[in-house]
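Q: Sharing input.cif below, mmCIF, N, CA and C atoms:
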data_protein
loop_
_atom_site.label_atom_id
_atom_site.label_comp_id
_atom_site.auth_asym_id
_atom_site.auth_seq_id
_atom_site.Cartn_x
_atom_site.Cartn_y
_atom_site.Cartn_z
N MET A 1297 86.94 109.74 102.20
CA MET A 1297 88.09 109.46 101.38
C MET A 1297 87.82 110.07 100.02
N PHE A 1298 88.55 111.12 99.65
CA PHE A 1298 88.40 111.75 98.34
C PHE A 1298 89.32 111.04 97.36
N THR A 1299 88.82 110.78 96.16
CA THR A 1299 89.60 110.09 95.15
C THR A 1299 89.61 110.89 93.86
N ASP A 1300 90.69 110.74 93.10
CA ASP A 1300 90.75 111.39 91.79
C ASP A 1300 91.85 110.75 90.97
N GLU A 1301 91.74 110.92 89.68
CA GLU A 1301 92.76 110.44 88.76
C GLU A 1301 93.25 111.61 87.92
N CYS A 1302 94.44 111.45 87.37
CA CYS A 1302 94.98 112.49 86.49
C CYS A 1302 95.91 111.84 85.47
N ALA A 1303 96.08 112.54 84.37
CA ALA A 1303 97.01 112.11 83.34
C ALA A 1303 98.34 112.81 83.58
N ILE A 1304 99.40 112.05 83.61
CA ILE A 1304 100.74 112.61 83.73
C ILE A 1304 101.35 112.52 82.34
N CYS A 1305 101.60 113.68 81.74
CA CYS A 1305 102.01 113.74 80.34
C CYS A 1305 103.51 113.97 80.20
N ARG A 1306 104.03 113.39 79.13
CA ARG A 1306 105.40 113.65 78.73
C ARG A 1306 105.33 114.73 77.65
N LEU A 1307 106.07 115.79 77.82
CA LEU A 1307 106.01 116.89 76.87
C LEU A 1307 107.02 116.70 75.75
N SER A 1308 106.60 116.99 74.56
CA SER A 1308 107.49 117.05 73.41
C SER A 1308 106.86 118.04 72.45
N ARG A 1309 107.53 118.41 71.42
CA ARG A 1309 107.01 119.38 70.47
C ARG A 1309 106.79 118.76 69.09
N ALA A 1310 106.46 117.46 69.05
CA ALA A 1310 106.26 116.80 67.77
C ALA A 1310 105.04 117.34 67.03
N ARG A 1311 103.91 117.48 67.72
CA ARG A 1311 102.68 118.01 67.13
C ARG A 1311 102.09 119.03 68.07
N ASN A 1312 101.59 120.09 67.53
CA ASN A 1312 101.00 121.14 68.36
C ASN A 1312 99.63 121.53 67.85
N VAL A 1313 98.81 121.97 68.75
CA VAL A 1313 97.52 122.54 68.42
C VAL A 1313 97.56 123.96 68.95
N TYR A 1314 97.05 124.91 68.19
CA TYR A 1314 97.05 126.30 68.61
C TYR A 1314 95.66 126.68 69.09
N VAL A 1315 95.60 127.36 70.22
CA VAL A 1315 94.34 127.82 70.79
C VAL A 1315 94.40 129.34 70.85
N TRP A 1316 93.44 129.99 70.23
CA TRP A 1316 93.41 131.44 70.25
C TRP A 1316 92.45 131.92 71.33
N ALA A 1317 92.85 132.93 72.08
CA ALA A 1317 92.01 133.49 73.14
C ALA A 1317 90.95 134.39 72.52
N LYS A 1318 89.71 134.28 72.97
CA LYS A 1318 88.62 135.11 72.46
C LYS A 1318 88.82 136.58 72.84
N GLU A 1319 89.37 136.80 74.05
CA GLU A 1319 89.55 138.16 74.54
C GLU A 1319 90.64 138.90 73.76
N ASN A 1320 91.64 138.17 73.30
CA ASN A 1320 92.75 138.77 72.57
C ASN A 1320 93.07 137.87 71.38
N PRO A 1321 92.53 138.17 70.21
CA PRO A 1321 92.72 137.28 69.07
C PRO A 1321 94.16 137.21 68.57
N HIS A 1322 95.04 138.07 69.06
CA HIS A 1322 96.44 138.03 68.65
C HIS A 1322 97.29 137.13 69.53
N TYR A 1323 96.72 136.66 70.64
CA TYR A 1323 97.44 135.78 71.56
C TYR A 1323 97.09 134.34 71.24
N TYR A 1324 98.09 133.49 71.26
CA TYR A 1324 97.83 132.05 71.13
C TYR A 1324 98.77 131.30 72.03
N GLU A 1325 98.37 130.10 72.35
CA GLU A 1325 99.17 129.24 73.22
C GLU A 1325 99.31 127.89 72.54
N GLU A 1326 100.51 127.37 72.51
CA GLU A 1326 100.73 126.07 71.91
C GLU A 1326 100.45 124.98 72.94
N ILE A 1327 99.65 124.00 72.55
CA ILE A 1327 99.46 122.83 73.39
C ILE A 1327 99.59 121.60 72.52
N GLU A 1328 100.02 120.55 73.11
CA GLU A 1328 100.17 119.31 72.37
C GLU A 1328 98.88 118.54 72.38
N TYR A 1329 98.61 117.85 71.30
CA TYR A 1329 97.41 117.04 71.17
C TYR A 1329 97.75 115.58 71.38
N ASN A 1330 97.01 114.91 72.26
CA ASN A 1330 97.15 113.47 72.48
C ASN A 1330 98.59 113.08 72.84
N THR A 1331 99.14 113.73 73.84
CA THR A 1331 100.51 113.45 74.25
C THR A 1331 100.61 112.09 74.92
N PRO A 1332 101.78 111.46 74.85
CA PRO A 1332 101.97 110.22 75.61
C PRO A 1332 101.79 110.51 77.10
N HIS A 1333 101.06 109.64 77.78
CA HIS A 1333 100.78 109.88 79.20
C HIS A 1333 100.51 108.57 79.91
N VAL A 1334 100.52 108.67 81.22
CA VAL A 1334 100.13 107.55 82.07
C VAL A 1334 99.04 108.07 83.00
N MET A 1335 98.04 107.23 83.28
CA MET A 1335 96.96 107.62 84.17
C MET A 1335 97.26 107.14 85.59
N MET A 1336 97.12 108.05 86.55
CA MET A 1336 97.38 107.75 87.94
C MET A 1336 96.11 108.04 88.74
N TRP A 1337 95.87 107.25 89.78
CA TRP A 1337 94.71 107.43 90.66
C TRP A 1337 95.21 107.38 92.10
N ALA A 1338 94.63 108.20 92.97
CA ALA A 1338 95.01 108.18 94.38
C ALA A 1338 93.80 108.52 95.23
N ALA A 1339 93.90 108.21 96.52
CA ALA A 1339 92.83 108.51 97.48
C ALA A 1339 93.46 109.06 98.74
N LEU A 1340 92.73 109.97 99.40
CA LEU A 1340 93.24 110.52 100.65
C LEU A 1340 92.09 110.91 101.55
N ASN A 1341 92.41 110.95 102.83
CA ASN A 1341 91.48 111.50 103.81
C ASN A 1341 92.30 112.29 104.82
N ALA A 1342 91.69 112.69 105.90
CA ALA A 1342 92.38 113.53 106.89
C ALA A 1342 93.55 112.80 107.55
N LEU A 1343 93.55 111.48 107.55
CA LEU A 1343 94.57 110.72 108.26
C LEU A 1343 95.64 110.09 107.38
N ARG A 1344 95.33 109.86 106.12
CA ARG A 1344 96.30 109.14 105.29
C ARG A 1344 96.08 109.39 103.81
N VAL A 1345 97.13 109.08 103.06
CA VAL A 1345 97.08 109.07 101.60
C VAL A 1345 97.29 107.63 101.18
N ILE A 1346 96.39 107.11 100.35
CA ILE A 1346 96.59 105.78 99.78
C ILE A 1346 97.53 105.97 98.59
N GLU A 1347 98.58 105.19 98.55
CA GLU A 1347 99.57 105.39 97.48
C GLU A 1347 98.93 105.32 96.11
N PRO A 1348 99.54 105.98 95.13
CA PRO A 1348 98.96 106.05 93.79
C PRO A 1348 98.86 104.67 93.12
N TYR A 1349 97.87 104.57 92.27
CA TYR A 1349 97.69 103.40 91.42
C TYR A 1349 97.90 103.87 89.99
N PHE A 1350 98.72 103.17 89.23
CA PHE A 1350 98.98 103.52 87.84
C PHE A 1350 98.27 102.52 86.94
N PHE A 1351 97.40 103.03 86.07
CA PHE A 1351 96.65 102.17 85.16
C PHE A 1351 97.56 101.65 84.06
N ASP A 1352 97.40 100.39 83.75
CA ASP A 1352 98.14 99.76 82.66
C ASP A 1352 97.26 99.81 81.42
N GLY A 1353 97.32 100.92 80.70
CA GLY A 1353 96.46 101.11 79.54
C GLY A 1353 95.47 102.23 79.78
N PRO A 1354 94.45 102.32 78.94
CA PRO A 1354 93.52 103.45 79.04
C PRO A 1354 92.62 103.35 80.28
N LEU A 1355 92.18 104.50 80.72
CA LEU A 1355 91.21 104.55 81.82
C LEU A 1355 89.82 104.51 81.22
N ASN A 1356 89.08 103.48 81.55
CA ASN A 1356 87.69 103.35 81.13
C ASN A 1356 86.93 102.68 82.28
N HIS A 1357 85.63 102.46 82.10
CA HIS A 1357 84.86 101.92 83.23
C HIS A 1357 85.34 100.52 83.62
N THR A 1358 85.83 99.74 82.68
CA THR A 1358 86.31 98.40 83.00
C THR A 1358 87.59 98.45 83.82
N SER A 1359 88.56 99.28 83.39
CA SER A 1359 89.83 99.37 84.13
C SER A 1359 89.62 100.03 85.50
N TYR A 1360 88.68 100.99 85.58
CA TYR A 1360 88.39 101.63 86.86
C TYR A 1360 87.75 100.64 87.83
N LEU A 1361 86.77 99.89 87.36
CA LEU A 1361 86.12 98.89 88.20
C LEU A 1361 87.11 97.83 88.65
N ASN A 1362 87.97 97.39 87.74
CA ASN A 1362 89.00 96.40 88.09
C ASN A 1362 89.94 96.93 89.18
N MET A 1363 90.34 98.20 89.07
CA MET A 1363 91.21 98.80 90.08
C MET A 1363 90.51 98.82 91.44
N LEU A 1364 89.23 99.21 91.45
CA LEU A 1364 88.49 99.23 92.71
C LEU A 1364 88.40 97.84 93.33
N GLN A 1365 88.04 96.84 92.52
CA GLN A 1365 87.84 95.49 93.02
C GLN A 1365 89.13 94.79 93.39
N GLN A 1366 90.16 94.93 92.58
CA GLN A 1366 91.39 94.16 92.77
C GLN A 1366 92.45 94.87 93.61
N TRP A 1367 92.36 96.21 93.73
CA TRP A 1367 93.44 96.93 94.41
C TRP A 1367 92.93 97.81 95.56
N PHE A 1368 91.99 98.73 95.28
CA PHE A 1368 91.61 99.71 96.28
C PHE A 1368 90.85 99.10 97.47
N ILE A 1369 89.79 98.35 97.20
CA ILE A 1369 89.00 97.78 98.30
C ILE A 1369 89.86 96.83 99.14
N PRO A 1370 90.65 95.93 98.52
CA PRO A 1370 91.55 95.12 99.36
C PRO A 1370 92.53 95.97 100.18
N LYS A 1371 92.98 97.10 99.62
CA LYS A 1371 93.92 97.98 100.34
C LYS A 1371 93.25 98.59 101.57
N ILE A 1372 92.03 99.12 101.43
CA ILE A 1372 91.41 99.73 102.61
C ILE A 1372 90.93 98.67 103.60
N ASP A 1373 90.64 97.46 103.11
CA ASP A 1373 90.32 96.37 104.04
C ASP A 1373 91.56 95.98 104.84
N GLU A 1374 92.71 95.94 104.16
CA GLU A 1374 93.99 95.63 104.83
C GLU A 1374 94.29 96.67 105.91
N LEU A 1375 93.98 97.92 105.63
CA LEU A 1375 94.20 99.00 106.61
C LEU A 1375 93.11 99.04 107.68
N GLY A 1376 92.03 98.30 107.47
CA GLY A 1376 90.94 98.25 108.44
C GLY A 1376 90.11 99.52 108.51
N ILE A 1377 89.98 100.22 107.37
CA ILE A 1377 89.28 101.51 107.41
C ILE A 1377 88.02 101.56 106.54
N ARG A 1378 87.66 100.48 105.87
CA ARG A 1378 86.50 100.56 104.95
C ARG A 1378 85.24 101.00 105.68
N GLU A 1379 84.99 100.49 106.86
CA GLU A 1379 83.75 100.83 107.59
C GLU A 1379 83.80 102.24 108.17
N LYS A 1380 84.99 102.87 108.20
CA LYS A 1380 85.13 104.18 108.83
C LYS A 1380 85.10 105.33 107.84
N VAL A 1381 85.23 105.07 106.54
CA VAL A 1381 85.35 106.15 105.57
C VAL A 1381 84.08 106.33 104.75
N TRP A 1382 83.91 107.55 104.27
CA TRP A 1382 82.95 107.87 103.23
C TRP A 1382 83.76 107.93 101.94
N PHE A 1383 83.25 107.33 100.88
CA PHE A 1383 83.93 107.32 99.59
C PHE A 1383 83.38 108.46 98.74
N GLN A 1384 84.27 109.33 98.28
CA GLN A 1384 83.87 110.51 97.53
C GLN A 1384 84.63 110.56 96.22
N GLN A 1385 83.92 110.83 95.13
CA GLN A 1385 84.58 110.97 93.83
C GLN A 1385 83.95 112.10 93.05
N ASP A 1386 84.68 112.57 92.02
CA ASP A 1386 84.17 113.68 91.23
C ASP A 1386 83.25 113.17 90.12
N GLY A 1387 83.01 114.00 89.11
CA GLY A 1387 82.04 113.69 88.08
C GLY A 1387 82.60 113.04 86.82
N ALA A 1388 83.74 112.39 86.90
CA ALA A 1388 84.30 111.74 85.71
C ALA A 1388 83.35 110.66 85.19
N PRO A 1389 83.18 110.57 83.87
CA PRO A 1389 82.25 109.59 83.31
C PRO A 1389 82.52 108.14 83.74
N VAL A 1390 83.78 107.75 83.90
CA VAL A 1390 84.05 106.35 84.28
C VAL A 1390 83.50 106.02 85.66
N HIS A 1391 83.30 107.01 86.50
CA HIS A 1391 82.76 106.78 87.85
C HIS A 1391 81.29 106.41 87.82
N TYR A 1392 80.61 106.67 86.71
CA TYR A 1392 79.16 106.52 86.68
C TYR A 1392 78.66 105.48 85.69
N ALA A 1393 79.54 104.61 85.25
CA ALA A 1393 79.08 103.46 84.49
C ALA A 1393 78.22 102.62 85.44
N LEU A 1394 77.22 101.98 84.91
CA LEU A 1394 76.29 101.22 85.74
C LEU A 1394 77.01 100.16 86.59
N THR A 1395 77.97 99.46 86.00
CA THR A 1395 78.69 98.43 86.77
C THR A 1395 79.48 99.04 87.92
N VAL A 1396 80.06 100.22 87.70
CA VAL A 1396 80.82 100.90 88.75
C VAL A 1396 79.88 101.38 89.85
N ARG A 1397 78.77 102.01 89.47
CA ARG A 1397 77.80 102.50 90.47
C ARG A 1397 77.25 101.37 91.32
N ASP A 1398 76.89 100.28 90.66
CA ASP A 1398 76.34 99.15 91.41
C ASP A 1398 77.36 98.59 92.39
N TYR A 1399 78.60 98.47 91.94
CA TYR A 1399 79.65 97.95 92.82
C TYR A 1399 79.89 98.88 94.00
N LEU A 1400 79.97 100.18 93.74
CA LEU A 1400 80.21 101.13 94.83
C LEU A 1400 79.02 101.20 95.79
N ASN A 1401 77.81 101.13 95.27
CA ASN A 1401 76.63 101.13 96.15
C ASN A 1401 76.64 99.89 97.04
N ASP A 1402 77.02 98.74 96.50
CA ASP A 1402 77.09 97.52 97.30
C ASP A 1402 78.24 97.58 98.31
N THR A 1403 79.35 98.16 97.91
CA THR A 1403 80.55 98.19 98.75
C THR A 1403 80.47 99.22 99.86
N PHE A 1404 79.96 100.40 99.55
CA PHE A 1404 79.94 101.49 100.54
C PHE A 1404 78.55 101.80 101.06
N SER A 1405 77.53 101.12 100.56
CA SER A 1405 76.16 101.32 101.02
C SER A 1405 75.79 102.80 100.93
N ASP A 1406 75.44 103.41 102.05
CA ASP A 1406 75.03 104.80 102.04
C ASP A 1406 76.17 105.77 102.35
N LYS A 1407 77.39 105.29 102.39
CA LYS A 1407 78.54 106.15 102.72
C LYS A 1407 79.34 106.50 101.47
N ARG A 1408 78.63 107.08 100.47
CA ARG A 1408 79.27 107.44 99.21
C ARG A 1408 78.74 108.78 98.74
N ILE A 1409 79.64 109.65 98.29
CA ILE A 1409 79.29 110.98 97.81
C ILE A 1409 79.70 111.07 96.34
N GLY A 1410 78.77 111.52 95.50
CA GLY A 1410 79.07 111.66 94.08
C GLY A 1410 78.10 112.62 93.42
N ARG A 1411 78.16 112.66 92.10
CA ARG A 1411 77.30 113.60 91.37
C ARG A 1411 75.88 113.05 91.28
N GLY A 1412 74.97 113.93 90.89
CA GLY A 1412 73.60 113.50 90.63
C GLY A 1412 72.71 113.62 91.84
N SER A 1413 71.54 113.07 91.67
CA SER A 1413 70.55 113.12 92.76
C SER A 1413 70.75 111.93 93.69
N VAL A 1414 70.02 111.94 94.75
CA VAL A 1414 70.13 110.85 95.73
C VAL A 1414 69.33 109.67 95.18
N THR A 1415 69.97 108.92 94.31
CA THR A 1415 69.39 107.74 93.69
C THR A 1415 70.51 106.73 93.57
N SER A 1416 70.42 105.87 92.57
CA SER A 1416 71.49 104.90 92.36
C SER A 1416 72.78 105.58 91.90
N LEU A 1417 72.70 106.87 91.49
CA LEU A 1417 73.93 107.56 91.09
C LEU A 1417 74.87 107.66 92.28
N ALA A 1418 74.38 108.11 93.40
CA ALA A 1418 75.16 108.20 94.63
C ALA A 1418 74.20 108.41 95.78
N PRO A 1419 74.41 107.71 96.88
CA PRO A 1419 73.52 107.90 98.03
C PRO A 1419 73.51 109.34 98.54
N MET A 1420 74.62 110.06 98.43
CA MET A 1420 74.65 111.45 98.84
C MET A 1420 75.27 112.26 97.71
N LYS A 1421 74.60 113.34 97.29
CA LYS A 1421 75.16 114.14 96.21
C LYS A 1421 76.07 115.24 96.74
N TRP A 1422 76.91 115.74 95.85
CA TRP A 1422 77.79 116.85 96.20
C TRP A 1422 76.95 118.03 96.65
N PRO A 1423 77.40 118.80 97.65
CA PRO A 1423 76.65 119.99 98.06
C PRO A 1423 76.62 121.02 96.94
N GLU A 1424 75.57 121.80 96.89
CA GLU A 1424 75.45 122.80 95.83
C GLU A 1424 75.99 124.14 96.27
#
Using the file provided, produce a representation of the structure as structure tokens.
A:
Amino acid sequence: MFTDECAICRLSRARNVYVWAKENPHYYEEIEYNTPHVMMWAALNALRVIEPYFFDGPLNHTSYLNMLQQWFIPKIDELGIREKVWFQQDGAPVHYALTVRDYLNDTFSDKRIGRGSVTSLAPMKWPE
């Protein structure tokens, strides 16, 4: 089960930051700084997509752990698939807070793929 989160931004032109390209110093692109957004998280595997979860507030290790404990794990238990899936996540910092790692190691045992070496970071690391 691969998981990821993303920010869904509302665009406006109230404030802009200009980024100049190193290859062409005459080119610039306008991007907004700190736009209003909502954080969404979803999980999928070859057989299904778990519907998105929308965070109420900022995404940090506490809100991520709460989502796992209160929403995601009960959802996959309800579907009867926890024992059948490997849990895979990318290298986002919130995934590697000690409380999150400990919870995921206890919940998925050796069926978890993440960054780092084969230690408490993740039982199985991403292939190189």
Q: Is it possible to get the axis-aligned box enclosing region 1379-1392 of chain A (all listed atoms, 3 Å extra per side) as AutoDock Vina command-line options, with centre and edge lengths in Å rounded to one decimal?
A:
--center_x 82.0 --center_y 107.2 --center_z 96.1 --size_x 12.7 --size_y 19.5 --size_z 31.5
Q: Identify all residues satisfying the PyMOL selection byres ((chain A and resi 1340-1348) around 6) in the given file; provide them as an MDAnalysis selection string.
A: chainID A and resid 1297:1299 1337:1339 1349:1350
Q: Record the distance separating atom C of Phe1404 (chain A) and atom C of Gln1366 (chain A), expressed in Å with one decimal.
A: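 So the two atoms, atom C of Phe1404 (chain A) and atom C of Gln1366 (chain A), lie 17.2 Å apart.
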Q: Expand the PyMOL selection byres (((chain A and resi 1374-1388 and name CA) around 7) and name CA) into the individual residues it matches in the shown file, reporting them as a PDB file with N, CA and C atoms, keeping the file's coordinate frame.
A:
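New file out_12.pdb:
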ATOM      1  N   MET A1297      86.940 109.740 102.200  1.00  0.00           N
ATOM      2  CA  MET A1297      88.090 109.460 101.380  1.00  0.00           C
ATOM      3  C   MET A1297      87.820 110.070 100.020  1.00  0.00           C
ATOM      4  N   PHE A1298      88.550 111.120  99.650  1.00  0.00           N
ATOM      5  CA  PHE A1298      88.400 111.750  98.340  1.00  0.00           C
ATOM      6  C   PHE A1298      89.320 111.040  97.360  1.00  0.00           C
ATOM      7  N   THR A1299      88.820 110.780  96.160  1.00  0.00           N
ATOM      8  CA  THR A1299      89.600 110.090  95.150  1.00  0.00           C
ATOM      9  C   THR A1299      89.610 110.890  93.860  1.00  0.00           C
ATOM     10  N   ASP A1300      90.690 110.740  93.100  1.00  0.00           N
ATOM     11  CA  ASP A1300      90.750 111.390  91.790  1.00  0.00           C
ATOM     12  C   ASP A1300      91.850 110.750  90.970  1.00  0.00           C
ATOM     13  N   PRO A1370      90.650  95.930  98.520  1.00  0.00           N
ATOM     14  CA  PRO A1370      91.550  95.120  99.360  1.00  0.00           C
ATOM     15  C   PRO A1370      92.530  95.970 100.180  1.00  0.00           C
ATOM     16  N   LYS A1371      92.980  97.100  99.620  1.00  0.00           N
ATOM     17  CA  LYS A1371      93.920  97.980 100.340  1.00  0.00           C
ATOM     18  C   LYS A1371      93.250  98.590 101.570  1.00  0.00           C
ATOM     19  N   ILE A1372      92.030  99.120 101.430  1.00  0.00           N
ATOM     20  CA  ILE A1372      91.410  99.730 102.610  1.00  0.00           C
ATOM     21  C   ILE A1372      90.930  98.670 103.600  1.00  0.00           C
ATOM     22  N   ASP A1373      90.640  97.460 103.110  1.00  0.00           N
ATOM     23  CA  ASP A1373      90.320  96.370 104.040  1.00  0.00           C
ATOM     24  C   ASP A1373      91.560  95.980 104.840  1.00  0.00           C
ATOM     25  N   PRO A1389      83.180 110.570  83.870  1.00  0.00           N
ATOM     26  CA  PRO A1389      82.250 109.590  83.310  1.00  0.00           C
ATOM     27  C   PRO A1389      82.520 108.140  83.740  1.00  0.00           C
ATOM     28  N   VAL A1390      83.780 107.750  83.900  1.00  0.00           N
ATOM     29  CA  VAL A1390      84.050 106.350  84.280  1.00  0.00           C
ATOM     30  C   VAL A1390      83.500 106.020  85.660  1.00  0.00           C
ATOM     31  N   HIS A1391      83.300 107.010  86.500  1.00  0.00           N
ATOM     32  CA  HIS A1391      82.760 106.780  87.850  1.00  0.00           C
ATOM     33  C   HIS A1391      81.290 106.410  87.820  1.00  0.00           C
ATOM     34  N   LYS A1407      77.390 105.290 102.390  1.00  0.00           N
ATOM     35  CA  LYS A1407      78.540 106.150 102.720  1.00  0.00           C
ATOM     36  C   LYS A1407      79.340 106.500 101.470  1.00  0.00           C
ATOM     37  N   ARG A1408      78.630 107.080 100.470  1.00  0.00           N
ATOM     38  CA  ARG A1408      79.270 107.440  99.210  1.00  0.00           C
ATOM     39  C   ARG A1408      78.740 108.780  98.740  1.00  0.00           C
ATOM     40  N   ILE A1409      79.640 109.650  98.290  1.00  0.00           N
ATOM     41  CA  ILE A1409      79.290 110.980  97.810  1.00  0.00           C
ATOM     42  C   ILE A1409      79.700 111.070  96.340  1.00  0.00           C
ATOM     43  N   GLY A1410      78.770 111.520  95.500  1.00  0.00           N
ATOM     44  CA  GLY A1410      79.070 111.660  94.080  1.00  0.00           C
ATOM     45  C   GLY A1410      78.100 112.620  93.420  1.00  0.00           C
ATOM     46  N   ARG A1411      78.160 112.660  92.100  1.00  0.00           N
ATOM     47  CA  ARG A1411      77.300 113.600  91.370  1.00  0.00           C
ATOM     48  C   ARG A1411      75.880 113.050  91.280  1.00  0.00           C
TER      49      ARG A1411
END
Q: Need to verify the contact set: Phe1351 (chain A), 6.5 Å, all atoms listed in the file, exclusion of same-chain residues closer than 6 positions in sequence. Can you return it as a PyMOL selection string?
A: chain A and resi 1334-1337
Q: Measure the distance from CA of Arg1397 (chain A) to CA of Glu1301 (chain A) in Å and round it to one decimal.
A: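 Interatomic distance here is 17.0 Å.
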Q: Between A:Asp1406, A:Glu1319, A:Val1396, A:Lys1421, which has the minimum distance to Tyr1360 (chain A) (counting all atoms listed in the file)?
A: A:Val1396
Q: Suppose you want the space between CA of Ile1304 (chain A) and CA of Thr1331 (chain A); what is it in Å?
A: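 These atoms are spaced 9.5 Å apart.
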Q: From the DSSP assignment of the backbone, select every residue of region 1323-1414 of chain A that is strand (DSSP E or B), and format the answer as an NGL selection string.
A: :A and (1324-1327 or 1333-1340 or 1345-1350 or 1383-1384 or 1408-1410 or 1414)
Q: Please determine, counting only C-alpha atoms, which residue among A:Met1420, A:Phe1368, A:Leu1394, A:His1333 has the shortest atom-to-atom distance to Leu1355 (chain A).
A: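 Closest candidate: A:His1333.
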